[in-house]
file target-v9.cif (mmCIF, C-alpha atoms and all ligand atoms)
data_final
#
loop_
_atom_site.label_atom_id
_atom_site.label_comp_id
_atom_site.auth_asym_id
_atom_site.auth_seq_id
_atom_site.Cartn_x
_atom_site.Cartn_y
_atom_site.Cartn_z
CA MET A 1290 -49.91 -6.39 69.20
CA ARG A 1291 -48.01 -6.64 65.93
CA PRO A 1292 -46.92 -10.18 65.01
CA LYS A 1293 -43.29 -10.93 65.51
CA ILE A 1294 -41.48 -11.17 62.20
CA THR A 1295 -38.82 -13.81 61.84
CA ASN A 1296 -36.69 -14.52 58.82
CA TYR A 1297 -36.58 -18.25 59.49
CA ILE A 1298 -39.54 -20.57 59.63
CA ASP A 1299 -39.03 -24.26 60.22
CA VAL A 1300 -41.37 -25.94 57.77
CA GLY A 1301 -39.86 -29.40 58.14
CA PRO A 1302 -38.32 -31.43 55.33
CA GLU A 1303 -38.90 -30.11 51.84
CA PRO A 1304 -41.40 -32.29 49.96
CA GLU A 1305 -39.86 -34.34 47.13
CA ARG A 1306 -41.82 -32.43 44.47
CA ASP A 1307 -40.60 -29.04 45.79
CA ARG A 1308 -37.05 -30.35 45.92
CA GLY A 1309 -37.37 -31.40 42.30
CA ILE A 1310 -38.66 -27.97 41.32
CA SER A 1311 -35.87 -26.20 43.24
CA ARG A 1312 -33.29 -28.40 41.51
CA ALA A 1313 -34.83 -27.67 38.12
CA LEU A 1314 -34.79 -23.94 38.86
CA THR A 1315 -31.12 -23.79 39.81
CA PRO A 1316 -29.76 -20.91 37.72
CA LEU A 1317 -28.31 -22.14 34.45
CA SER A 1318 -25.00 -20.89 33.20
CA LEU A 1319 -25.09 -18.85 30.03
CA PRO A 1320 -23.71 -20.39 26.86
CA ARG A 1321 -20.29 -19.36 25.64
CA VAL A 1322 -20.27 -17.33 22.42
CA GLU A 1323 -18.08 -18.71 19.65
CA MET A 1324 -17.59 -16.89 16.36
CA VAL A 1325 -18.07 -19.00 13.24
CA GLN A 1326 -17.72 -18.34 9.53
CA ARG A 1327 -20.94 -18.41 7.56
CA ARG A 1328 -21.03 -20.61 4.48
CA GLY A 1329 -23.23 -19.23 1.73
CA PRO A 1330 -25.26 -16.03 1.51
CA VAL A 1331 -26.62 -14.16 4.53
CA LEU A 1332 -30.14 -13.81 3.16
CA HIS A 1333 -32.29 -16.81 2.39
CA PRO A 1334 -35.96 -17.41 1.59
CA SER A 1335 -38.39 -16.78 4.39
CA PRO A 1336 -39.93 -19.87 5.95
CA MET A 1337 -43.29 -18.10 6.05
CA PRO A 1338 -45.82 -19.05 3.42
CA ASP A 1339 -47.50 -16.20 1.53
CA HIS A 1340 -44.54 -13.83 1.97
CA GLU A 1341 -42.61 -13.99 -1.25
CA GLY A 1342 -40.89 -10.64 -0.87
CA VAL A 1343 -39.67 -11.41 2.63
CA LEU A 1344 -36.23 -12.88 3.18
CA SER A 1345 -34.69 -14.05 6.42
CA LEU A 1346 -31.32 -14.31 8.07
CA ASN A 1347 -29.94 -16.14 11.06
CA LEU A 1348 -27.44 -14.46 13.34
CA THR A 1349 -26.57 -17.62 15.24
CA ARG A 1350 -26.68 -21.35 14.63
CA ASN A 1351 -28.55 -22.07 17.84
CA CYS A 1352 -30.59 -20.21 20.40
CA GLY A 1353 -29.74 -19.07 23.92
CA HIS A 1354 -33.08 -19.69 25.59
CA ARG A 1355 -33.36 -23.52 25.78
CA CYS A 1356 -37.14 -23.83 25.54
CA PRO A 1357 -38.10 -27.53 25.76
CA PHE A 1358 -41.04 -27.07 23.35
CA CYS A 1359 -38.75 -25.62 20.66
CA SER A 1360 -38.71 -27.60 17.44
CA VAL A 1361 -35.51 -25.89 16.25
CA ARG A 1362 -33.72 -27.19 19.33
CA ALA A 1363 -35.16 -30.67 18.72
CA GLN A 1364 -33.63 -31.02 15.27
CA PRO A 1365 -30.92 -33.71 15.00
CA SER A 1366 -28.46 -31.14 13.60
CA TYR A 1367 -28.94 -28.73 16.53
CA PRO A 1368 -25.45 -27.99 17.88
CA GLY A 1369 -26.35 -28.02 21.59
CA ASP A 1370 -26.89 -25.47 24.34
CA GLU A 1371 -23.47 -24.89 25.86
CA VAL A 1372 -22.03 -22.81 23.03
CA ILE A 1373 -23.77 -20.24 20.85
CA SER A 1374 -22.27 -20.06 17.38
CA LEU A 1375 -22.50 -16.45 16.24
CA TYR A 1376 -21.83 -15.82 12.56
CA ARG A 1377 -18.92 -13.48 11.92
CA ASN A 1378 -19.44 -10.12 10.12
CA THR A 1379 -23.14 -10.63 9.40
CA ALA A 1380 -23.88 -6.89 9.22
CA ALA A 1381 -20.98 -6.16 6.84
CA ASP A 1382 -21.74 -9.19 4.63
CA LEU A 1383 -25.40 -8.24 4.56
CA ALA A 1384 -24.60 -4.67 3.46
CA ALA A 1385 -22.52 -6.08 0.58
CA GLU A 1386 -25.31 -8.49 -0.42
CA LEU A 1387 -28.02 -5.83 -0.35
CA ALA A 1388 -25.87 -3.47 -2.44
CA GLN A 1389 -25.67 -6.15 -5.16
CA ARG A 1390 -29.31 -7.22 -5.21
CA ARG A 1391 -31.43 -6.08 -8.14
CA HIS A 1392 -34.65 -6.73 -6.20
CA PRO A 1393 -34.39 -5.86 -2.54
CA PRO A 1394 -36.63 -7.77 -0.13
CA THR A 1395 -39.74 -6.07 1.23
CA ALA A 1396 -38.73 -7.15 4.74
CA VAL A 1397 -36.11 -9.25 6.47
CA LEU A 1398 -37.04 -11.64 9.25
CA ILE A 1399 -34.44 -12.04 12.04
CA SER A 1400 -33.82 -14.83 13.00
CA PRO A 1401 -36.26 -17.60 12.11
CA SER A 1402 -34.23 -20.30 13.88
CA SER A 1403 -33.04 -18.48 16.98
CA ASP A 1404 -33.85 -15.54 19.20
CA PRO A 1405 -32.22 -12.22 18.24
CA PHE A 1406 -32.21 -11.02 21.87
CA PRO A 1407 -30.72 -13.76 24.06
CA PRO A 1408 -28.98 -12.71 27.31
CA LEU A 1409 -25.71 -12.33 25.41
CA ALA A 1410 -24.41 -8.82 24.66
CA ARG A 1411 -22.43 -9.83 21.56
CA VAL A 1412 -25.47 -11.37 19.88
CA GLN A 1413 -27.66 -8.38 20.69
CA ALA A 1414 -24.97 -5.99 19.40
CA GLU A 1415 -24.90 -7.85 16.07
CA THR A 1416 -28.71 -7.81 15.91
CA ALA A 1417 -28.64 -4.03 16.35
CA LYS A 1418 -25.99 -3.62 13.63
CA VAL A 1419 -28.04 -5.74 11.24
CA VAL A 1420 -31.22 -3.73 11.92
CA ASP A 1421 -29.22 -0.58 11.17
CA VAL A 1422 -28.02 -1.97 7.83
CA ILE A 1423 -31.48 -3.16 6.78
CA ALA A 1424 -33.13 0.15 7.70
CA SER A 1425 -30.43 2.12 5.85
CA HIS A 1426 -31.58 0.29 2.67
CA GLY A 1427 -35.20 1.36 3.29
CA ILE A 1428 -36.25 -2.20 4.18
CA ASP A 1429 -38.37 -3.35 7.13
CA THR A 1430 -37.05 -5.70 9.81
CA TRP A 1431 -39.27 -8.21 11.58
CA LEU A 1432 -37.99 -9.63 14.85
CA MET A 1433 -39.48 -12.26 17.16
CA THR A 1434 -38.29 -12.62 20.71
CA ARG A 1435 -38.75 -14.06 24.19
CA GLY A 1436 -35.74 -12.11 25.39
CA PHE A 1437 -34.93 -8.89 27.20
CA ILE A 1438 -33.87 -6.26 24.69
CA ARG A 1439 -30.84 -4.46 26.10
CA PRO A 1440 -30.96 -0.63 26.18
CA SER A 1441 -28.32 -0.28 23.43
CA ALA A 1442 -30.34 -2.50 21.06
CA LEU A 1443 -33.55 -0.79 22.10
CA ARG A 1444 -32.11 2.57 21.07
CA VAL A 1445 -31.44 1.18 17.59
CA LEU A 1446 -35.01 -0.17 17.32
CA ALA A 1447 -36.34 3.22 18.44
CA ARG A 1448 -34.21 5.00 15.82
CA HIS A 1449 -35.80 2.88 13.09
CA ALA A 1450 -39.24 2.58 14.70
CA ASN A 1451 -41.08 3.05 11.42
CA ARG A 1452 -39.12 0.18 9.83
CA VAL A 1453 -39.19 -2.33 12.68
CA ARG A 1454 -41.79 -4.81 13.92
CA VAL A 1455 -41.19 -6.81 17.06
CA THR A 1456 -43.25 -9.84 18.03
CA VAL A 1457 -42.97 -10.60 21.74
CA GLU A 1458 -43.85 -14.20 22.59
CA LEU A 1459 -45.26 -15.22 25.96
CA THR A 1460 -46.39 -18.48 27.54
CA THR A 1461 -47.23 -17.57 31.13
CA LEU A 1462 -46.79 -15.00 33.87
CA ASP A 1463 -46.09 -17.76 36.40
CA ARG A 1464 -42.39 -17.37 37.01
CA THR A 1465 -41.85 -20.98 38.14
CA LEU A 1466 -43.59 -22.42 35.10
CA GLN A 1467 -41.88 -19.93 32.82
CA ARG A 1468 -38.44 -20.94 34.10
CA LEU A 1469 -39.24 -24.55 33.28
CA LEU A 1470 -40.61 -23.73 29.84
CA GLU A 1471 -38.27 -20.91 28.74
CA PRO A 1472 -35.26 -21.29 31.05
CA LEU A 1473 -33.04 -18.45 29.85
CA ALA A 1474 -35.67 -16.17 28.37
CA ALA A 1475 -36.64 -12.87 30.02
CA PRO A 1476 -38.99 -12.98 33.01
CA PRO A 1477 -42.54 -12.55 31.70
CA GLN A 1478 -43.25 -9.36 33.67
CA LEU A 1479 -40.15 -7.85 32.10
CA ARG A 1480 -41.46 -8.79 28.65
CA ILE A 1481 -44.79 -7.14 29.45
CA ARG A 1482 -42.96 -3.97 30.50
CA GLN A 1483 -40.88 -4.15 27.35
CA ILE A 1484 -44.03 -4.35 25.22
CA ALA A 1485 -45.18 -1.09 26.83
CA GLN A 1486 -41.75 0.45 26.35
CA LEU A 1487 -41.54 -0.51 22.68
CA ARG A 1488 -45.02 0.87 22.10
CA SER A 1489 -44.06 4.14 23.78
CA LEU A 1490 -41.04 4.36 21.45
CA GLY A 1491 -43.33 4.05 18.43
CA VAL A 1492 -42.24 0.50 17.52
CA ASN A 1493 -44.92 -1.73 16.03
CA VAL A 1494 -45.28 -4.54 18.57
CA GLN A 1495 -47.21 -7.74 18.09
CA VAL A 1496 -47.81 -10.32 20.77
CA GLY A 1497 -47.82 -14.09 20.43
CA LEU A 1498 -49.31 -16.27 23.15
CA GLU A 1499 -47.31 -19.22 21.92
CA PRO A 1500 -47.17 -22.02 22.22
CA LEU A 1501 -50.30 -23.00 24.09
CA ILE A 1502 -49.60 -26.26 25.90
CA PRO A 1503 -52.58 -28.40 26.89
CA ASP A 1504 -53.61 -28.17 30.53
CA LEU A 1505 -50.50 -26.17 31.27
CA THR A 1506 -50.52 -22.79 29.57
CA ASP A 1507 -54.03 -22.94 28.07
CA THR A 1508 -55.79 -22.93 31.44
CA ARG A 1509 -58.24 -20.20 32.28
CA GLN A 1510 -56.10 -19.06 35.19
CA ASN A 1511 -52.93 -18.83 33.12
CA LEU A 1512 -54.53 -17.04 30.19
CA SER A 1513 -56.64 -14.61 32.17
CA SER A 1514 -53.63 -13.21 34.05
CA LEU A 1515 -51.68 -12.89 30.81
CA LEU A 1516 -54.53 -11.20 29.00
CA GLU A 1517 -55.18 -8.78 31.86
CA ALA A 1518 -51.52 -7.75 31.90
CA LEU A 1519 -51.53 -7.27 28.13
CA ALA A 1520 -54.79 -5.30 28.19
CA ALA A 1521 -53.26 -3.02 30.81
CA THR A 1522 -50.44 -2.15 28.36
CA GLY A 1523 -52.95 -1.35 25.62
CA VAL A 1524 -52.45 -4.53 23.54
CA LYS A 1525 -55.46 -5.09 21.27
CA HIS A 1526 -54.40 -8.12 19.20
CA VAL A 1527 -52.62 -11.37 19.94
CA THR A 1528 -51.71 -14.37 17.84
CA THR A 1529 -51.86 -17.86 19.25
CA GLY A 1530 -51.23 -21.47 18.40
CA TYR A 1531 -50.91 -24.80 20.19
CA MET A 1532 -47.58 -26.57 20.40
CA PHE A 1533 -46.98 -29.43 18.00
CA LEU A 1534 -45.07 -32.50 19.04
CA ARG A 1535 -42.23 -34.65 17.79
CA LYS A 1536 -40.30 -37.37 19.58
CA THR A 1537 -37.42 -35.14 20.72
CA ILE A 1538 -39.73 -32.28 21.72
CA GLY A 1539 -41.64 -34.79 23.86
CA GLU A 1540 -38.38 -35.89 25.50
CA HIS A 1541 -37.29 -32.32 26.22
CA LEU A 1542 -40.71 -31.47 27.65
CA GLY A 1543 -40.78 -34.64 29.73
CA GLU A 1544 -37.47 -33.68 31.36
CA ALA A 1545 -38.60 -30.09 31.97
CA LEU A 1546 -41.97 -31.04 33.45
CA GLU A 1547 -40.78 -33.94 35.57
CA PRO A 1548 -40.47 -31.77 38.72
CA LEU A 1549 -44.18 -30.94 38.37
CA GLY A 1550 -45.05 -34.62 37.95
CA LEU A 1551 -46.36 -33.82 34.46
CA GLU A 1552 -43.72 -35.59 32.38
CA SER A 1553 -46.23 -37.61 30.37
CA ALA A 1554 -49.51 -35.71 30.90
CA VAL A 1555 -48.82 -33.21 28.15
CA THR A 1556 -47.59 -35.67 25.54
CA ASP A 1557 -50.49 -38.07 26.30
CA ALA A 1558 -52.90 -35.36 25.14
CA TYR A 1559 -51.42 -35.70 21.62
CA ALA A 1560 -51.93 -39.45 21.37
CA ASP A 1561 -55.08 -39.22 19.25
CA GLY A 1562 -54.09 -36.08 17.37
CA PRO A 1563 -53.44 -35.88 13.63
CA LEU A 1564 -50.06 -36.02 11.94
CA LEU A 1565 -49.81 -32.94 9.73
CA ALA A 1566 -47.33 -31.02 7.59
CA SER A 1567 -47.60 -27.26 7.30
CA GLY A 1568 -45.89 -24.89 4.87
CA GLY A 1569 -42.21 -24.96 5.78
CA ILE A 1570 -42.77 -27.06 8.90
CA ALA A 1571 -41.93 -30.75 8.79
CA PRO A 1572 -44.68 -33.25 9.72
CA ALA A 1573 -45.56 -33.23 13.38
CA ARG A 1574 -48.23 -34.50 15.74
CA TYR A 1575 -50.93 -31.93 16.55
CA LEU A 1576 -53.58 -31.95 19.25
CA PRO A 1577 -56.97 -33.26 18.14
CA LYS A 1578 -58.71 -30.55 16.15
CA LYS A 1579 -61.65 -30.40 18.56
CA TYR A 1580 -59.35 -29.75 21.50
CA ARG A 1581 -57.68 -26.88 19.67
CA GLN A 1582 -61.00 -25.42 18.54
CA ARG A 1583 -62.32 -25.49 22.10
CA GLY A 1584 -59.10 -23.94 23.45
CA TYR A 1585 -59.08 -21.12 20.91
CA ALA A 1586 -62.78 -20.40 21.45
CA GLY A 1587 -62.23 -20.13 25.22
CA LEU A 1588 -59.25 -17.83 24.74
CA MET A 1589 -61.15 -15.65 22.27
CA ALA A 1590 -64.08 -15.27 24.66
CA MET A 1591 -61.79 -14.30 27.54
CA ALA A 1592 -59.79 -11.89 25.38
CA ALA A 1593 -62.91 -10.27 23.90
CA GLY A 1594 -64.00 -9.33 27.41
CA LEU A 1595 -60.78 -7.32 27.70
CA GLY A 1596 -61.00 -5.77 24.24
CA ILE A 1597 -58.34 -8.04 22.71
CA ALA A 1598 -58.81 -9.80 19.37
CA VAL A 1599 -57.20 -13.21 18.94
CA ARG A 1600 -55.82 -14.53 15.69
CA VAL A 1601 -55.13 -18.23 15.42
CA SER A 1602 -51.86 -19.08 13.69
CA ALA A 1603 -52.52 -20.79 10.36
CA THR A 1604 -49.01 -22.25 10.38
CA THR A 1605 -49.59 -24.35 13.47
CA ASN A 1606 -53.16 -25.26 12.49
CA PRO A 1607 -52.76 -26.50 8.94
CA ASP A 1608 -56.09 -28.34 9.13
CA PHE A 1609 -58.04 -25.12 9.77
CA ILE A 1610 -59.51 -23.17 6.89
CA THR A 1611 -58.20 -19.63 7.19
CA THR A 1612 -58.49 -16.40 5.34
CA ARG A 1613 -55.62 -14.05 4.73
CA ARG A 1614 -55.18 -11.30 7.26
CA THR A 1615 -55.53 -7.78 5.98
CA GLU A 1616 -54.49 -4.36 7.19
CA LYS A 1617 -58.08 -3.95 8.42
CA ASP A 1618 -57.43 -6.64 11.04
CA GLY A 1619 -55.26 -4.12 12.79
CA CYS A 1620 -51.92 -5.93 12.47
CA ARG A 1621 -49.75 -4.73 9.64
CA GLY A 1622 -47.91 -7.52 7.87
CA PRO A 1623 -48.59 -10.79 9.65
CA LEU A 1624 -45.87 -12.89 11.15
CA GLN A 1625 -47.23 -16.36 10.58
CA LEU A 1626 -44.28 -18.31 11.89
CA PRO A 1627 -44.21 -18.72 15.64
CA LEU A 1628 -40.75 -18.67 17.10
CA PHE A 1629 -40.95 -22.18 18.48
CA ALA A 1630 -41.47 -23.59 14.98
CA GLU A 1631 -38.46 -24.40 12.90
CA ALA A 1632 -37.87 -23.00 9.50
CA GLY A 1633 -37.44 -24.83 6.29
CA SER A 1634 -36.91 -28.52 6.85
CA ARG A 1635 -39.68 -30.79 5.71
CA THR A 1636 -37.83 -33.90 6.76
CA SER A 1637 -39.86 -36.09 9.05
CA LEU A 1638 -38.48 -35.83 12.56
CA ILE A 1639 -41.14 -37.80 14.37
S1 LIG B 1701 -38.58 -21.33 21.12
FE1 LIG B 1701 -37.53 -19.56 20.35
S2 LIG B 1701 -36.58 -18.62 22.13
FE2 LIG B 1701 -37.08 -20.73 22.68
S3 LIG B 1701 -35.22 -21.93 22.21
FE3 LIG B 1701 -36.54 -21.99 20.39
S4 LIG B 1701 -35.84 -20.33 19.09
FE4 LIG B 1701 -35.06 -19.96 21.16
#

call {"tool": "encode", "arguments": {"input": "target-v9.cif", "output": "structure tokens"}}
result
Amino acid sequence: MRPKITNYIDVGPEPERDRGISRALTPLSLPRVEMVQRRGPVLHPSPMPDHEGVLSLNLTRNCGHRCPFCSVRAQPSYPGDEVISLYRNTAADLAAELAQRRHPPTAVLISPSSDPFPPLARVQAETAKVVDVIASHGIDTWLMTRGFIRPSALRVLARHANRVRVTVELTTLDRTLQRLLEPLAAPPQLRIRQIAQLRSLGVNVQVGLEPLIPDLTDTRQNLSSLLEALAATGVKHVTTGYMFLRKTIGEHLGEALEPLGLESAVTDAYADGPLLASGGIAPARYLPKKYRQRGYAGLMAMAAGLGIAVRVSATTNPDFITTRRTEKDGCRGPLQLPLFAEAGSRTSLI
């Protein structure tokens, strides 16, 4: 006899932990978009070391995704999460700037301090316009995202596929954990499908498994499911790096992980780690080197079994000796700056 199916099961009172998780997963309202006037030029030096010809531009003052590990969001000058400040006329101002430049950049990075594809149509429309302008000057655009790229923006990327590189960042396939770590970013399965879609459109896609967070996203279980999903889409290379910590990042993470009872477990792992500065990144606390080495070695071994090569980010491991990546490594033009790392400021924020 077939079991009777009911749509209501009395499981008794919800445990406190589950209640905390449900509360934390209550859908967040999207930020309001406010137009602001940019002061100064659109293009500025890239925060990435070793990329002199690359310039960058920010479309917004803040980001729409609210990741607690984000160092940009932890800066004292960060304007908050409720309103996204979108710069007015970026595409038009950029066209005027490029027309006047004697030496055009080799590539433009969008946007080092925010995500170009938040769940906000106006921001994505401006991103698409900017990509159009950059491509019309024969210049490459590099974009890094945790977002869902809307069809209209995707069409623009496809039109300029030979001039566009997109780095898709992922932390986990676990939807509950992902909603705590990247609250307004695209669901991870959607990002995986978008990687496949971008590849099918001829866009150069890179993948960042970033940031790794100790005992949370660097576990065997978490990484193996991510790697299997990526291998299934034909991904052969990933970049990775552990999160670094500052006081405010620790506070944001503590709040986000409280429902899991992990509010201090993650930050405790950094207690004996070194304090390091790296390129354009202000000093921060890193995990002990041995922990990172062990984590990367485990990830590399797992990935190798699926035919995926792992590159460790030099930017978030300034105490590692690295060699420059070349075309032979299979990834054209490295993006060394993970999207959770802020650009520029070397002020101590610890
Ligand atoms: S990590 Fe990236 S996507 Fe997340 S809030 Fe920061 S800039 Fe936005």

call {"tool": "residues_around", "arguments": {"input": "target-v9.cif", "residues": "Thr1460 (chain A)", "least_positions_apart": "4", "cutoff": "10 Å", "atoms": "all atoms listed in the file", "output": "number ranges by chain"}}
result
A: 1435, 1466-1467, 1470-1471, 1477, 1497-1502, 1505-1507, 1511-1512, 1515, 1529

call {"tool": "residues_near_ligand", "arguments": {"input": "target-v9.cif", "ligand": "ligand LIG 1701 (chain B)", "cutoff": "8 Å", "atoms": "all atoms listed in the file", "output": "MDAnalysis selection string"}}
result
chainID A and resid 1351:1362 1401:1404 1407 1434:1436 1471 1474 1628:1631

call {"tool": "residues_around", "arguments": {"input": "target-v9.cif", "residues": "Glu1323 (chain A)", "least_positions_apart": "4", "cutoff": "7 Å", "atoms": "only C-alpha atoms", "output": "PyMOL selection string"}}
result
chain A and resi 1372-1375

call {"tool": "residues_around", "arguments": {"input": "target-v9.cif", "residues": "region 1584-1601 of chain A", "least_positions_apart": "5", "cutoff": "8 Å", "atoms": "all atoms listed in the file", "output": "list in words"}}
result
Asp1507, Arg1509, Leu1512, Ser1513, Leu1516, Glu1517, Ala1520, Val1524, Lys1525, His1526, Val1527, Thr1528, Thr1529, Gly1530 and Asn1606 of chain A

call {"tool": "residues_around", "arguments": {"input": "target-v9.cif", "residues": "Val1492 (chain A)", "least_positions_apart": "5", "cutoff": "10 Å", "atoms": "only C-alpha atoms", "output": "mmCIF file with C-alpha atoms, in the coordinates of the input"}}
result
data_model
loop_
_atom_site.group_PDB
_atom_site.id
_atom_site.type_symbol
_atom_site.label_atom_id
_atom_site.label_comp_id
_atom_site.auth_asym_id
_atom_site.auth_seq_id
_atom_site.Cartn_x
_atom_site.Cartn_y
_atom_site.Cartn_z
ATOM 1 C CA LEU A 1443 -33.550 -0.790 22.100
ATOM 2 C CA LEU A 1446 -35.010 -0.170 17.320
ATOM 3 C CA ALA A 1447 -36.340 3.220 18.440
ATOM 4 C CA ARG A 1448 -34.210 5.000 15.820
ATOM 5 C CA HIS A 1449 -35.800 2.880 13.090
ATOM 6 C CA ALA A 1450 -39.240 2.580 14.700
ATOM 7 C CA ASN A 1451 -41.080 3.050 11.420
ATOM 8 C CA ARG A 1452 -39.120 0.180 9.830
ATOM 9 C CA VAL A 1453 -39.190 -2.330 12.680
ATOM 10 C CA ARG A 1454 -41.790 -4.810 13.920
ATOM 11 C CA VAL A 1455 -41.190 -6.810 17.060
ATOM 12 C CA ILE A 1484 -44.030 -4.350 25.220
ATOM 13 C CA ALA A 1485 -45.180 -1.090 26.830
ATOM 14 C CA GLN A 1486 -41.750 0.450 26.350
ATOM 15 C CA LEU A 1487 -41.540 -0.510 22.680
#

call {"tool": "atom_distance", "arguments": {"input": "target-v9.cif", "atom1": "CA of Ala1558 (chain A)", "atom2": "CA of Arg1468 (chain A)"}}
result
22.3 Å

call {"tool": "axis_aligned_box", "arguments": {"input": "target-v9.cif", "around": "region 1321-1334 of chain A", "padding_each_side": "5 Å", "output": "JSON"}}
result
{"center_x": -26.8, "center_y": -17.2, "center_z": 13.6, "size_x": 28.4, "size_y": 16.8, "size_z": 34.1}

call {"tool": "atom_distance", "arguments": {"input": "target-v9.cif", "atom1": "CA of Glu1341 (chain A)", "atom2": "CA of Leu1565 (chain A)"}}
result
23.1 Å

call {"tool": "atom_distance", "arguments": {"input": "target-v9.cif", "atom1": "CA of Phe1533 (chain A)", "atom2": "CA of Arg1574 (chain A)"}}
result
5.7 Å

call {"tool": "closest_residue", "arguments": {"input": "target-v9.cif", "among": "A:Asp1421, A:Glu1458, A:Glu1540, A:Asp1557", "to": "Leu1383 (chain A)", "atoms": "all atoms listed in the file"}}
result
A:Asp1421

call {"tool": "closest_residue", "arguments": {"input": "target-v9.cif", "among": "A:Leu1469, A:Glu1415, A:Gln1364, A:Val1457", "to": "Val1445 (chain A)", "atoms": "only C-alpha atoms"}}
result
A:Glu1415

call {"tool": "residues_around", "arguments": {"input": "target-v9.cif", "residues": "Leu1564 (chain A)", "least_positions_apart": "3", "cutoff": "12 Å", "atoms": "only C-alpha atoms", "output": "list in words"}}
result
Phe1533, Leu1534, Arg1535, Tyr1559, Ala1560, Asp1561, Ser1567, Ile1570, Ala1571, Pro1572, Ala1573, Arg1574, Tyr1575, Leu1576, Pro1577, Lys1578, Thr1605, Asn1606, Pro1607, Asp1608, Ser1637, Leu1638 and Ile1639 of chain A

call {"tool": "residues_near_point", "arguments": {"input": "target-v9.cif", "point": "(-17.4, -17.9, 15.7)", "cutoff": "12 Å", "atoms": "only C-alpha atoms", "output": "count of residues only"}}
result
20

call {"tool": "build_atoms", "arguments": {"input": "target-v9.cif", "residues": "region 1471-1486 of chain A", "atoms": "N, CA and C atoms", "output": "CSV table (one decimal), keeping the file's coordinate frame"}}
result
chain,number,residue,atom,x,y,z
A,1471,GLU,N,-39.1,-21.8,29.5
A,1471,GLU,CA,-38.3,-20.9,28.7
A,1471,GLU,C,-37.1,-20.5,29.6
A,1472,PRO,N,-36.2,-21.5,30.0
A,1472,PRO,CA,-35.3,-21.3,31.0
A,1472,PRO,C,-34.4,-20.0,31.0
A,1473,LEU,N,-33.9,-19.6,29.9
A,1473,LEU,CA,-33.0,-18.4,29.8
A,1473,LEU,C,-33.7,-17.2,29.2
A,1474,ALA,N,-35.0,-17.3,29.0
A,1474,ALA,CA,-35.7,-16.2,28.4
A,1474,ALA,C,-35.9,-15.1,29.5
A,1475,ALA,N,-36.4,-14.0,29.0
A,1475,ALA,CA,-36.6,-12.9,30.0
A,1475,ALA,C,-37.8,-13.2,30.9
A,1476,PRO,N,-37.8,-12.8,32.2
A,1476,PRO,CA,-39.0,-13.0,33.0
A,1476,PRO,C,-40.2,-12.4,32.3
A,1477,PRO,N,-41.4,-13.0,32.5
A,1477,PRO,CA,-42.5,-12.6,31.7
A,1477,PRO,C,-43.0,-11.1,32.0
A,1478,GLN,N,-42.8,-10.7,33.3
A,1478,GLN,CA,-43.2,-9.4,33.7
A,1478,GLN,C,-42.3,-8.4,33.0
A,1479,LEU,N,-41.1,-8.7,32.8
A,1479,LEU,CA,-40.2,-7.8,32.1
A,1479,LEU,C,-40.6,-7.7,30.6
A,1480,ARG,N,-41.0,-8.8,30.0
A,1480,ARG,CA,-41.5,-8.8,28.6
A,1480,ARG,C,-42.7,-7.9,28.5
A,1481,ILE,N,-43.6,-8.0,29.5
A,1481,ILE,CA,-44.8,-7.1,29.4
A,1481,ILE,C,-44.4,-5.7,29.5
A,1482,ARG,N,-43.4,-5.4,30.4
A,1482,ARG,CA,-43.0,-4.0,30.5
A,1482,ARG,C,-42.3,-3.5,29.2
A,1483,GLN,N,-41.6,-4.5,28.6
A,1483,GLN,CA,-40.9,-4.2,27.4
A,1483,GLN,C,-41.9,-3.9,26.2
A,1484,ILE,N,-43.0,-4.6,26.2
A,1484,ILE,CA,-44.0,-4.4,25.2
A,1484,ILE,C,-44.5,-2.9,25.3
A,1485,ALA,N,-44.7,-2.5,26.6
A,1485,ALA,CA,-45.2,-1.1,26.8
A,1485,ALA,C,-44.1,-0.1,26.4
A,1486,GLN,N,-42.9,-0.4,26.7
A,1486,GLN,CA,-41.8,0.4,26.4
A,1486,GLN,C,-41.6,0.6,24.8
